[in-house]
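S.K.: This is model_25.txt (compact mmCIF, C-alpha atoms).
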# COMPACT_ATOMS: atom_id res chain seq x y z
CA MET A 1459 113.63 108.63 71.64
CA ILE A 1460 110.23 108.17 73.28
CA ARG A 1461 110.05 109.00 76.98
CA PHE A 1462 108.29 106.70 79.43
CA ASN A 1463 110.57 107.56 82.37
CA ASN A 1464 108.13 109.80 84.26
CA ASP A 1465 104.76 111.53 84.08
CA TYR A 1466 105.97 115.14 84.02
CA ASN A 1467 108.15 115.30 80.90
CA HIS A 1468 105.77 117.55 78.94
CA GLY A 1469 104.55 121.07 79.68
CA ALA A 1470 100.82 121.23 80.28
CA HIS A 1471 97.52 120.21 78.74
CA PRO A 1472 96.58 122.43 75.78
CA GLN A 1473 93.45 123.65 77.54
CA ILE A 1474 95.61 125.06 80.32
CA LEU A 1475 97.92 126.80 77.85
CA LYS A 1476 94.87 128.24 76.11
CA ALA A 1477 93.43 129.49 79.41
CA LEU A 1478 96.76 131.06 80.37
CA ALA A 1479 96.94 132.88 77.04
CA GLU A 1480 93.35 134.10 77.31
CA THR A 1481 93.87 135.54 80.79
CA ASN A 1482 97.40 136.85 80.33
CA ASP A 1483 96.29 140.48 79.90
CA GLN A 1484 94.11 140.39 83.01
CA SER A 1485 95.34 141.38 86.46
CA TYR A 1486 94.72 139.61 89.77
CA CYS A 1487 95.55 140.07 93.40
CA GLY A 1488 98.38 137.88 94.63
CA TYR A 1489 99.16 135.04 96.99
CA GLY A 1490 96.20 132.81 96.19
CA LEU A 1491 93.51 135.30 97.25
CA ASP A 1492 92.25 135.79 93.71
CA SER A 1493 88.99 134.86 92.02
CA LEU A 1494 90.55 132.02 90.02
CA CYS A 1495 91.75 130.18 93.13
CA GLN A 1496 88.29 130.67 94.61
CA LYS A 1497 86.62 129.27 91.48
CA ALA A 1498 89.01 126.30 91.44
CA SER A 1499 88.23 125.54 95.07
CA GLU A 1500 84.51 125.68 94.38
CA GLU A 1501 84.91 123.14 91.57
CA ILE A 1502 87.04 120.79 93.68
CA LYS A 1503 84.59 120.96 96.58
CA LYS A 1504 81.86 119.55 94.31
CA TYR A 1505 83.68 116.21 94.55
CA LEU A 1506 84.33 116.30 98.30
CA ASP A 1507 80.91 116.49 99.96
CA CYS A 1508 82.64 118.66 102.56
CA PRO A 1509 81.87 122.38 102.23
CA THR A 1510 84.10 123.25 105.20
CA ALA A 1511 87.27 121.95 103.53
CA ALA A 1512 90.08 124.49 103.19
CA ILE A 1513 91.97 124.35 99.88
CA HIS A 1514 95.42 125.80 99.29
CA TYR A 1515 97.59 125.79 96.18
CA LEU A 1516 101.32 125.05 96.35
CA VAL A 1517 103.87 124.57 93.59
CA GLY A 1518 105.25 121.05 94.15
CA GLY A 1519 104.85 117.80 96.02
CA THR A 1520 107.90 117.93 98.28
CA GLN A 1521 107.01 121.50 99.21
CA THR A 1522 103.46 120.43 100.06
CA ASN A 1523 104.57 117.41 102.09
CA TYR A 1524 107.02 119.20 104.35
CA THR A 1525 104.78 122.25 104.79
CA VAL A 1526 101.85 120.12 105.97
CA ILE A 1527 104.02 118.04 108.28
CA ALA A 1528 105.84 121.06 109.72
CA ALA A 1529 102.53 122.84 110.32
CA ALA A 1530 100.78 119.89 111.95
CA LEU A 1531 103.45 118.53 114.30
CA ARG A 1532 105.04 119.80 117.47
CA PRO A 1533 108.88 119.58 117.56
CA TYR A 1534 108.89 116.30 119.50
CA GLN A 1535 106.36 114.54 117.23
CA SER A 1536 107.06 112.18 114.35
CA VAL A 1537 105.34 110.92 111.20
CA ILE A 1538 104.76 107.26 110.32
CA SER A 1539 105.51 106.24 106.73
CA ALA A 1540 106.26 103.19 104.64
CA GLU A 1541 109.99 102.81 104.13
CA SER A 1542 109.36 103.34 100.41
CA GLY A 1543 107.32 106.50 101.10
CA HIS A 1544 108.27 109.52 99.06
CA ILE A 1545 109.05 111.65 102.12
CA HIS A 1546 111.59 109.04 103.23
CA ALA A 1547 113.09 107.81 99.98
CA HIS A 1548 112.96 110.74 97.55
CA GLU A 1549 112.93 114.07 99.33
CA THR A 1550 116.53 114.58 100.51
CA GLY A 1551 115.60 114.69 104.16
CA ALA A 1552 113.14 117.58 103.69
CA VAL A 1553 110.95 116.41 106.56
CA GLU A 1554 113.94 115.80 108.83
CA ASN A 1555 115.11 119.29 107.90
CA THR A 1556 111.93 120.65 109.50
CA GLY A 1557 112.97 118.91 112.72
CA HIS A 1558 110.74 115.84 112.58
CA LYS A 1559 111.62 112.16 112.66
CA ILE A 1560 110.12 109.78 110.10
CA HIS A 1561 109.15 106.49 111.71
CA THR A 1562 109.41 104.02 108.82
CA LEU A 1563 107.58 100.72 108.53
CA PRO A 1564 108.26 97.86 106.11
CA GLY A 1565 105.62 98.03 103.42
CA LYS A 1566 104.12 95.33 101.26
CA ASP A 1567 103.80 96.50 97.67
CA GLY A 1568 104.44 100.01 98.98
CA LYS A 1569 101.58 99.92 101.50
CA ILE A 1570 101.41 99.83 105.28
CA THR A 1571 98.55 98.39 107.31
CA ALA A 1572 96.28 99.54 110.09
CA ALA A 1573 97.76 96.81 112.32
CA GLN A 1574 101.31 98.13 111.79
CA ILE A 1575 100.21 101.67 112.60
CA GLU A 1576 98.35 100.55 115.70
CA ALA A 1577 101.41 98.68 116.96
CA VAL A 1578 103.51 101.87 116.77
CA ALA A 1579 100.83 104.02 118.38
CA ALA A 1580 100.20 101.48 121.14
CA ASP A 1581 103.90 101.21 121.92
CA TYR A 1582 104.04 104.93 122.55
CA ALA A 1583 100.79 104.98 124.52
CA GLU A 1584 102.11 102.22 126.80
CA SER A 1585 105.64 103.59 127.09
CA THR A 1586 106.93 104.37 130.57
CA ILE A 1587 109.41 106.87 129.14
CA PRO A 1588 107.39 108.86 126.55
CA GLU A 1589 109.52 111.96 127.12
CA HIS A 1590 112.55 110.08 125.78
CA ILE A 1591 111.07 109.07 122.42
CA THR A 1592 109.24 110.88 119.66
CA GLN A 1593 105.48 110.85 119.77
CA PRO A 1594 103.87 109.47 116.59
CA LYS A 1595 101.30 112.05 115.52
CA MET A 1596 100.77 111.63 111.79
CA VAL A 1597 100.43 108.79 109.30
CA TYR A 1598 101.67 109.54 105.80
CA ILE A 1599 100.59 107.38 102.86
CA SER A 1600 100.52 107.88 99.10
CA PHE A 1601 97.66 107.24 96.70
CA PRO A 1602 98.86 105.61 94.54
CA THR A 1603 102.00 104.38 96.28
CA GLU A 1604 105.52 104.69 94.91
CA TYR A 1605 104.95 101.31 93.26
CA GLY A 1606 101.69 102.33 91.61
CA THR A 1607 99.61 100.21 93.99
CA LEU A 1608 96.35 101.30 95.58
CA TYR A 1609 94.85 101.31 99.02
CA SER A 1610 91.34 99.85 98.92
CA LEU A 1611 88.45 101.60 100.61
CA ASN A 1612 88.46 98.93 103.32
CA GLU A 1613 92.17 99.47 103.97
CA LEU A 1614 91.73 103.24 104.19
CA GLU A 1615 88.79 102.89 106.53
CA ALA A 1616 90.83 100.62 108.81
CA ILE A 1617 93.79 103.03 108.81
CA SER A 1618 91.51 105.99 109.45
CA SER A 1619 89.89 104.18 112.36
CA VAL A 1620 93.26 103.52 114.00
CA CYS A 1621 94.32 107.13 113.45
CA ARG A 1622 91.20 108.40 115.20
CA LYS A 1623 91.58 105.91 118.03
CA TYR A 1624 95.08 107.19 118.79
CA ASP A 1625 94.56 110.83 117.76
CA LEU A 1626 96.88 110.62 114.75
CA TYR A 1627 96.53 112.82 111.69
CA LEU A 1628 96.10 110.94 108.40
CA PHE A 1629 97.77 112.72 105.47
CA VAL A 1630 97.61 111.38 101.90
CA ASP A 1631 100.20 112.33 99.30
CA GLY A 1632 98.24 112.63 96.06
CA ALA A 1633 100.98 113.60 93.63
CA ARG A 1634 99.55 110.96 91.26
CA MET A 1635 96.01 111.10 92.63
CA GLY A 1636 94.40 111.25 89.19
CA TYR A 1637 96.02 108.00 88.11
CA GLY A 1638 94.85 106.32 91.31
CA LEU A 1639 91.27 107.49 90.92
CA GLY A 1640 91.25 106.44 87.26
CA SER A 1641 92.41 102.87 87.83
CA VAL A 1642 90.07 100.00 87.00
CA LYS A 1643 90.91 98.55 90.42
CA ASN A 1644 90.09 101.69 92.40
CA ASP A 1645 87.08 101.82 94.73
CA VAL A 1646 87.98 105.08 96.52
CA SER A 1647 86.40 108.44 95.71
CA LEU A 1648 87.41 111.98 96.64
CA SER A 1649 84.46 112.13 99.00
CA ASP A 1650 85.82 108.99 100.72
CA LEU A 1651 89.19 110.69 101.16
CA ALA A 1652 87.47 113.79 102.53
CA ARG A 1653 85.62 111.61 105.02
CA LEU A 1654 88.55 109.47 106.13
CA THR A 1655 91.58 111.78 106.15
CA ASP A 1656 92.72 114.98 107.79
CA ALA A 1657 94.44 116.30 104.68
CA PHE A 1658 95.29 115.15 101.17
CA TYR A 1659 96.30 116.77 97.94
CA LEU A 1660 95.41 116.56 94.28
CA GLY A 1661 98.57 116.41 92.22
CA GLY A 1662 98.78 118.67 89.22
CA THR A 1663 102.48 118.56 88.31
CA LYS A 1664 102.26 114.89 87.28
CA CYS A 1665 98.66 115.07 86.11
CA GLY A 1666 98.57 117.71 83.38
CA THR A 1667 99.38 121.13 84.86
CA LEU A 1668 102.57 123.09 84.34
CA PHE A 1669 103.07 122.85 88.10
CA GLY A 1670 101.01 122.84 91.25
CA GLU A 1671 99.29 120.75 93.89
CA ALA A 1672 95.86 121.43 95.41
CA LEU A 1673 96.01 120.74 99.14
CA VAL A 1674 92.71 119.89 100.82
CA ILE A 1675 92.65 120.29 104.61
CA LEU A 1676 89.64 118.65 106.25
CA ASN A 1677 90.53 118.74 109.93
CA PRO A 1678 89.54 122.11 111.46
CA LYS A 1679 92.51 121.86 113.85
CA LEU A 1680 94.90 122.14 110.92
CA GLN A 1681 93.17 124.99 109.12
CA PRO A 1682 93.89 128.09 111.28
CA ASP A 1683 97.02 130.02 110.31
CA PHE A 1684 97.97 127.54 107.60
CA ARG A 1685 98.63 130.37 105.17
CA SER A 1686 101.25 131.63 107.60
CA CYS A 1687 102.88 128.20 107.50
CA ILE A 1688 102.87 128.28 103.71
CA LYS A 1689 104.58 131.66 103.69
CA GLN A 1690 107.11 130.77 106.37
CA ASN A 1691 108.15 127.67 104.44
CA GLY A 1692 108.70 129.63 101.22
CA ALA A 1693 105.75 127.92 99.57
CA MET A 1694 103.47 130.89 98.82
CA LEU A 1695 103.45 131.83 95.13
CA ALA A 1696 102.99 135.55 94.56
CA LYS A 1697 101.26 134.90 91.24
CA GLY A 1698 98.91 132.44 92.90
CA TRP A 1699 96.25 132.84 90.25
CA LEU A 1700 98.45 130.79 87.89
CA LEU A 1701 97.77 127.81 90.16
CA GLY A 1702 94.09 128.59 90.56
CA LEU A 1703 93.56 128.92 86.81
CA GLN A 1704 95.18 125.55 86.14
CA PHE A 1705 93.08 123.68 88.69
CA TYR A 1706 89.91 125.50 87.64
CA THR A 1707 90.59 124.36 84.07
CA MET A 1708 91.21 120.82 85.24
CA PHE A 1709 88.13 120.43 87.44
CA ARG A 1710 85.37 122.56 85.93
CA ASP A 1711 84.41 119.83 83.44
CA GLY A 1712 86.26 116.76 84.72
CA LEU A 1713 89.32 117.10 82.48
CA TYR A 1714 91.54 115.94 85.38
CA PHE A 1715 89.79 112.58 85.52
CA LYS A 1716 89.53 112.10 81.77
CA ILE A 1717 93.21 112.53 80.94
CA THR A 1718 94.52 110.48 83.86
CA ARG A 1719 92.10 107.64 83.15
CA LYS A 1720 93.40 107.51 79.57
CA ALA A 1721 96.98 107.25 80.89
CA ASP A 1722 95.93 104.27 83.02
CA GLU A 1723 94.35 102.62 79.98
CA TYR A 1724 97.59 103.01 78.08
CA ALA A 1725 99.52 101.55 81.01
CA MET A 1726 97.26 98.50 81.02
CA ARG A 1727 98.06 97.90 77.35
CA ILE A 1728 101.78 98.04 78.16
CA LYS A 1729 101.23 95.73 81.12
CA GLU A 1730 99.40 93.26 78.89
CA ALA A 1731 102.12 93.35 76.23
CA PHE A 1732 104.80 92.44 78.76
CA ALA A 1733 102.61 89.66 80.20
CA GLU A 1734 101.93 88.20 76.76
CA LYS A 1735 105.67 88.12 76.14
CA GLY A 1736 106.22 86.26 79.41
CA ILE A 1737 108.12 89.15 81.00
CA PRO A 1738 107.18 89.20 84.69
CA ALA A 1739 105.95 92.20 86.61
CA TYR A 1740 108.12 93.22 89.55
CA ILE A 1741 104.96 94.36 91.28
CA GLU A 1742 101.32 94.26 90.20
CA SER A 1743 100.33 97.83 89.45
CA PHE A 1744 97.05 98.90 87.91
CA THR A 1745 97.91 102.57 87.59
CA ASN A 1746 100.20 104.49 85.24
CA GLN A 1747 103.47 103.04 86.58
CA GLN A 1748 104.52 99.60 85.35
CA PHE A 1749 107.49 97.78 86.89
CA VAL A 1750 108.88 94.76 85.03
CA VAL A 1751 111.85 92.42 85.33
CA VAL A 1752 113.83 92.14 82.10
CA THR A 1753 117.06 90.53 81.02
CA ASN A 1754 120.05 92.75 80.31
CA ARG A 1755 119.64 92.07 76.60
CA GLN A 1756 115.97 93.04 76.69
CA LYS A 1757 116.83 96.21 78.60
CA GLU A 1758 119.44 97.20 76.04
CA GLN A 1759 117.05 96.51 73.16
CA LEU A 1760 114.30 98.65 74.70
CA ALA A 1761 116.79 101.43 75.45
CA GLU A 1762 117.55 101.86 71.76
CA ASN A 1763 114.28 103.74 71.22
CA PHE A 1764 112.74 104.36 74.64
CA ILE A 1765 113.72 106.19 77.80
CA PHE A 1766 112.55 104.46 80.97
CA GLU A 1767 113.52 104.39 84.64
CA PHE A 1768 116.13 101.92 85.89
CA GLU A 1769 114.97 100.75 89.33
CA GLY A 1770 117.81 98.41 90.20
CA LYS A 1771 119.51 95.09 89.55
CA ILE A 1772 117.65 91.91 90.40
CA ASP A 1773 120.68 89.73 89.75
CA GLU A 1774 123.62 89.69 87.34
CA ASP A 1775 121.36 89.02 84.37
CA HIS A 1776 118.12 90.84 85.26
CA SER A 1777 116.99 94.35 86.15
CA CYS A 1778 113.81 96.03 87.28
CA ILE A 1779 112.73 98.91 85.04
CA ARG A 1780 109.73 101.23 85.15
CA PHE A 1781 107.56 102.51 82.33
CA CYS A 1782 105.37 105.46 83.23
CA THR A 1783 102.50 106.75 81.11
CA SER A 1784 101.00 110.18 81.58
CA TRP A 1785 98.30 112.60 80.49
CA SER A 1786 100.55 113.45 77.51
CA THR A 1787 101.24 109.88 76.34
CA THR A 1788 99.96 109.27 72.81
CA GLU A 1789 98.43 106.31 71.03
CA GLU A 1790 101.41 106.26 68.66
CA GLU A 1791 103.90 106.08 71.51
CA VAL A 1792 102.08 103.19 73.18
CA ARG A 1793 101.78 101.33 69.89
CA ALA A 1794 105.51 101.74 69.23
CA LEU A 1795 106.38 100.42 72.68
CA THR A 1796 104.03 97.44 72.61
CA GLU A 1797 105.28 96.45 69.16
CA GLU A 1798 108.88 96.62 70.41
CA ILE A 1799 107.96 94.50 73.43
CA ARG A 1800 106.56 91.81 71.13
CA ARG A 1801 109.86 91.78 69.23
CA LEU A 1802 111.97 91.14 72.34
Here is the file; what I need is its structure written in the form of structure tokens.
M.R.:
Amino acid sequence: MIRFNNDYNHGAHPQILKALAETNDQSYCGYGLDSLCQKASEEIKKYLDCPTAAIHYLVGGTQTNYTVIAAALRPYQSVISAESGHIHAHETGAVENTGHKIHTLPGKDGKITAAQIEAVAADYAESTIPEHITQPKMVYISFPTEYGTLYSLNELEAISSVCRKYDLYLFVDGARMGYGLGSVKNDVSLSDLARLTDAFYLGGTKCGTLFGEALVILNPKLQPDFRSCIKQNGAMLAKGWLLGLQFYTMFRDGLYFKITRKADEYAMRIKEAFAEKGIPAYIESFTNQQFVVVTNRQKEQLAENFIFEFEGKIDEDHSCIRFCTSWSTTEEEVRALTEEIRRL
């Protein structure tokens, strides 16, 4: 069986395994204060055009999301998210467990707009009973979204402008950041994100590392004592150099961008194969996640040799399924899938 159900079903890129083996007999200080984390941060900052950025390394995406939100918000403040946002739909109430309400908005293709955000912020600003409702203080978006779609630079600039008008933090979940940056439809750079957001992270778990996310904090208000927040939330890895080494390996020569761009290219071949067969896309994605609407017979035929994600029934005869490429996807796997699609 060939897996296309997610982008974290293999261990790590061989260069990371090689680096881990080469440094295994060396010793480092703990908790992310080591030379490897420092070197990784120096490499990442080359892409940011923001020397004052603070970079921290955490193990996973959910851990990063709730730690940032818990650190940034007062107990009576809430975070705005698309209803399909990962913090709302896939994290078992982790944010609510920190004591914060998620104010969800209906998204289009997984995205929310500056106008929607402004409406929420304005409602609170004009409220005559602000002490009776939560205060929106952060906007959470993903790049790419849960549906593999992308915010354009214009959309991000508009959202950032609204956030600054109403003193809202803008936080970008980048669990699949590499696949967003590598898309042929992307016009956003890391320096744009550093300019427009208060914090974002570079996903490693889904983009070639064994585990780990590199959190970039731009807003000076969020930087003080953040390590204390990491520790208090159980998110500080004692062997922090294992994270630093992985991100140093990924960013010192652009490996992060190379392997995620290749995954996007493979996804576009899968997208094209479905289109040529007349199988409609559930949503138009130009990143590594492809959502299609298939008949029950087509789903069963594909399931004979491939593992994919079942997203839900469309009607009695059709379902939405997801195929996800990754840094570890091979030419042979893509060829096998596209040939099977043509036989449907």
S.K.: Could the centre and edge lengths of an axis-aligned box, enclosing all atoms of region 1596-1615 of chain A in the file with 5 Å extra on each side, be given in Å to one decimal as lines of an AutoDock Vina configuration file?
M.R.:
center_x = 97.0
center_y = 105.3
center_z = 101.7
size_x = 27.1
size_y = 22.7
size_z = 30.2
S.K.: Between CA of Ser1619 (chain A) and CA of Ile1575 (chain A), what is the distance in Å, rounded to a tenth?
M.R.: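 Going from CA of Ser1619 (chain A) over to CA of Ile1575 (chain A) covers 10.6 Å.
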S.K.: Which one is closest to Ile1675 (chain A): A:Glu1554, A:Glu1769, A:Ser1499, A:Ser1542? Count all atoms listed in the file.
M.R.: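 Selected residue with least distance to Ile1675 (chain A): A:Ser1499.
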S.K.: Using all atoms listed in the file, which protein or nucleic acid residues come within 12 Å of Asn1555 (chain A)? Drop anything in the same chain fewer than 5 positions from it, and give the result as a JSON list (two decimals) with C-alpha atoms, in the coordinates of the input.
M.R.:
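Saved result, around30.json, follows:
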[["chain", "number", "residue", "atom", "x", "y", "z"],
["A", 1524, "TYR", "CA", 107.02, 119.20, 104.35],
["A", 1525, "THR", "CA", 104.78, 122.25, 104.79],
["A", 1527, "ILE", "CA", 104.02, 118.04, 108.28],
["A", 1528, "ALA", "CA", 105.84, 121.06, 109.72],
["A", 1533, "PRO", "CA", 108.88, 119.58, 117.56],
["A", 1545, "ILE", "CA", 109.05, 111.65, 102.12],
["A", 1546, "HIS", "CA", 111.59, 109.04, 103.23],
["A", 1549, "GLU", "CA", 112.93, 114.07, 99.33],
["A", 1550, "THR", "CA", 116.53, 114.58, 100.51],
["A", 1560, "ILE", "CA", 110.12, 109.78, 110.10],
["A", 1691, "ASN", "CA", 108.15, 127.67, 104.44]]
S.K.: May I ask which of the residues A:Gln1704, A:Thr1556, A:Asn1763, A:Gln1748 is the closest one to Ala1731 (chain A), counting all atoms listed in the file?
M.R.: A:Gln1748
S.K.: Which of these residues is nearest to Gly1565 (chain A), using all atoms listed in the file: A:Glu1541, A:Ile1737, A:Ile1717, A:Ala1511?
M.R.: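 Looking only at the distances to Gly1565 (chain A), the closest residue turns out to be A:Glu1541.
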S.K.: Pick the closest to Arg1461 (chain A) from A:Val1792, A:Met1726, A:Cys1778, A:Ile1765: which is it, counting only C-alpha atoms?
M.R.: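 Of A:Val1792, A:Met1726, A:Cys1778, A:Ile1765, the one nearest Arg1461 (chain A), counting only C-alpha atoms, is A:Ile1765.
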S.K.: May I have the residues within 9 Å of Thr1667 (chain A) as a list of chain:residue names, using only C-alpha atoms and disregarding those fewer than 5 positions away in the same chain?
M.R.: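 Final neighbour list, sorted by chain and number: A:Tyr1466, A:Gly1469, A:Ala1470, A:His1471, A:Ile1474, A:Gly1661, A:Gly1662, A:Leu1701, A:Gln1704, A:Phe1705, A:Met1708.
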S.K.: Just write the chosen residues, C-alpha atoms, as an mmCIF file, keeping the file's coordinate frame.
M.R.:
data_model
loop_
_atom_site.group_PDB
_atom_site.id
_atom_site.type_symbol
_atom_site.label_atom_id
_atom_site.label_comp_id
_atom_site.auth_asym_id
_atom_site.auth_seq_id
_atom_site.Cartn_x
_atom_site.Cartn_y
_atom_site.Cartn_z
ATOM 1 C CA TYR A 1466 105.970 115.140 84.020
ATOM 2 C CA GLY A 1469 104.550 121.070 79.680
ATOM 3 C CA ALA A 1470 100.820 121.230 80.280
ATOM 4 C CA HIS A 1471 97.520 120.210 78.740
ATOM 5 C CA ILE A 1474 95.610 125.060 80.320
ATOM 6 C CA GLY A 1661 98.570 116.410 92.220
ATOM 7 C CA GLY A 1662 98.780 118.670 89.220
ATOM 8 C CA LEU A 1701 97.770 127.810 90.160
ATOM 9 C CA GLN A 1704 95.180 125.550 86.140
ATOM 10 C CA PHE A 1705 93.080 123.680 88.690
ATOM 11 C CA MET A 1708 91.210 120.820 85.240
#
S.K.: Just the residues within 10 Å of Glu1576 (chain A), please, counting all atoms listed in the file, with nothing from its chain fewer than 6 positions along; format it as a ChimeraX atom specification.
M.R.: /A:1582,1617,1619-1621,1623-1624
S.K.: Within 8 Å of Tyr1627 (chain A), counting only C-alpha atoms, which residues qualify if same-chain residues fewer than 5 places away don't, as a PyMOL selection string?
M.R.: chain A and resi 1595-1597+1621-1622+1655-1656
S.K.: Using all atoms listed in the file, which residue out of A:Asn1464, A:Thr1718, A:Thr1796, A:Gln1681 lies closest to Glu1767 (chain A)?
M.R.: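 Smallest separation from Glu1767 (chain A) among the options: A:Asn1464.
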S.K.: So, counting all atoms listed in the file, which residue among A:Glu1501, A:Glu1671, A:Asp1631, A:Asp1581 is closest to Ala1693 (chain A)?
M.R.: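 Closest candidate: A:Glu1671.
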S.K.: (101.8, 91.2, 80.2) in this file's frame - what residues fall within 12 Å of it? Use all atoms listed in the file and give the answer as a list in words.
M.R.: Ala1725, Met1726, Arg1727, Ile1728, Lys1729, Glu1730, Ala1731, Phe1732, Ala1733, Glu1734, Lys1735, Gly1736, Ile1737, Pro1738, Ala1739, Tyr1740, Ile1741, Glu1742, Ser1743, Phe1744, Gln1748, Phe1749, Val1750, Val1751, Thr1796, Ile1799 and Arg1800 of chain A
S.K.: Which value, in Å to one decimal, gives the distance between CA of Leu1516 (chain A) and CA of Met1694 (chain A)?
M.R.: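 If I compute the distance from CA of Leu1516 (chain A) to CA of Met1694 (chain A), I get 6.7 Å.
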S.K.: Could you check how far CA of Ala1652 (chain A) sits from CA of Lys1503 (chain A), in Å to one decimal?
M.R.: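 Separation between CA of Ala1652 (chain A) and CA of Lys1503 (chain A): 9.8 Å.
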S.K.: Determine, counting only C-alpha atoms, which protein, DNA and RNA residues have an atom within 8 Å of an atom of Asn1754 (chain A); residues of the same chain fewer than 4 positions away are not included. Present the result as a PDB file with C-alpha atoms, keeping the file's coordinate frame.
M.R.:
ATOM      1  CA  GLU A1758     119.440  97.200  76.040  1.00  0.00           C
ATOM      2  CA  ASP A1775     121.360  89.020  84.370  1.00  0.00           C
ATOM      3  CA  HIS A1776     118.120  90.840  85.260  1.00  0.00           C
ATOM      4  CA  SER A1777     116.990  94.350  86.150  1.00  0.00           C
TER       5      SER A1777
END
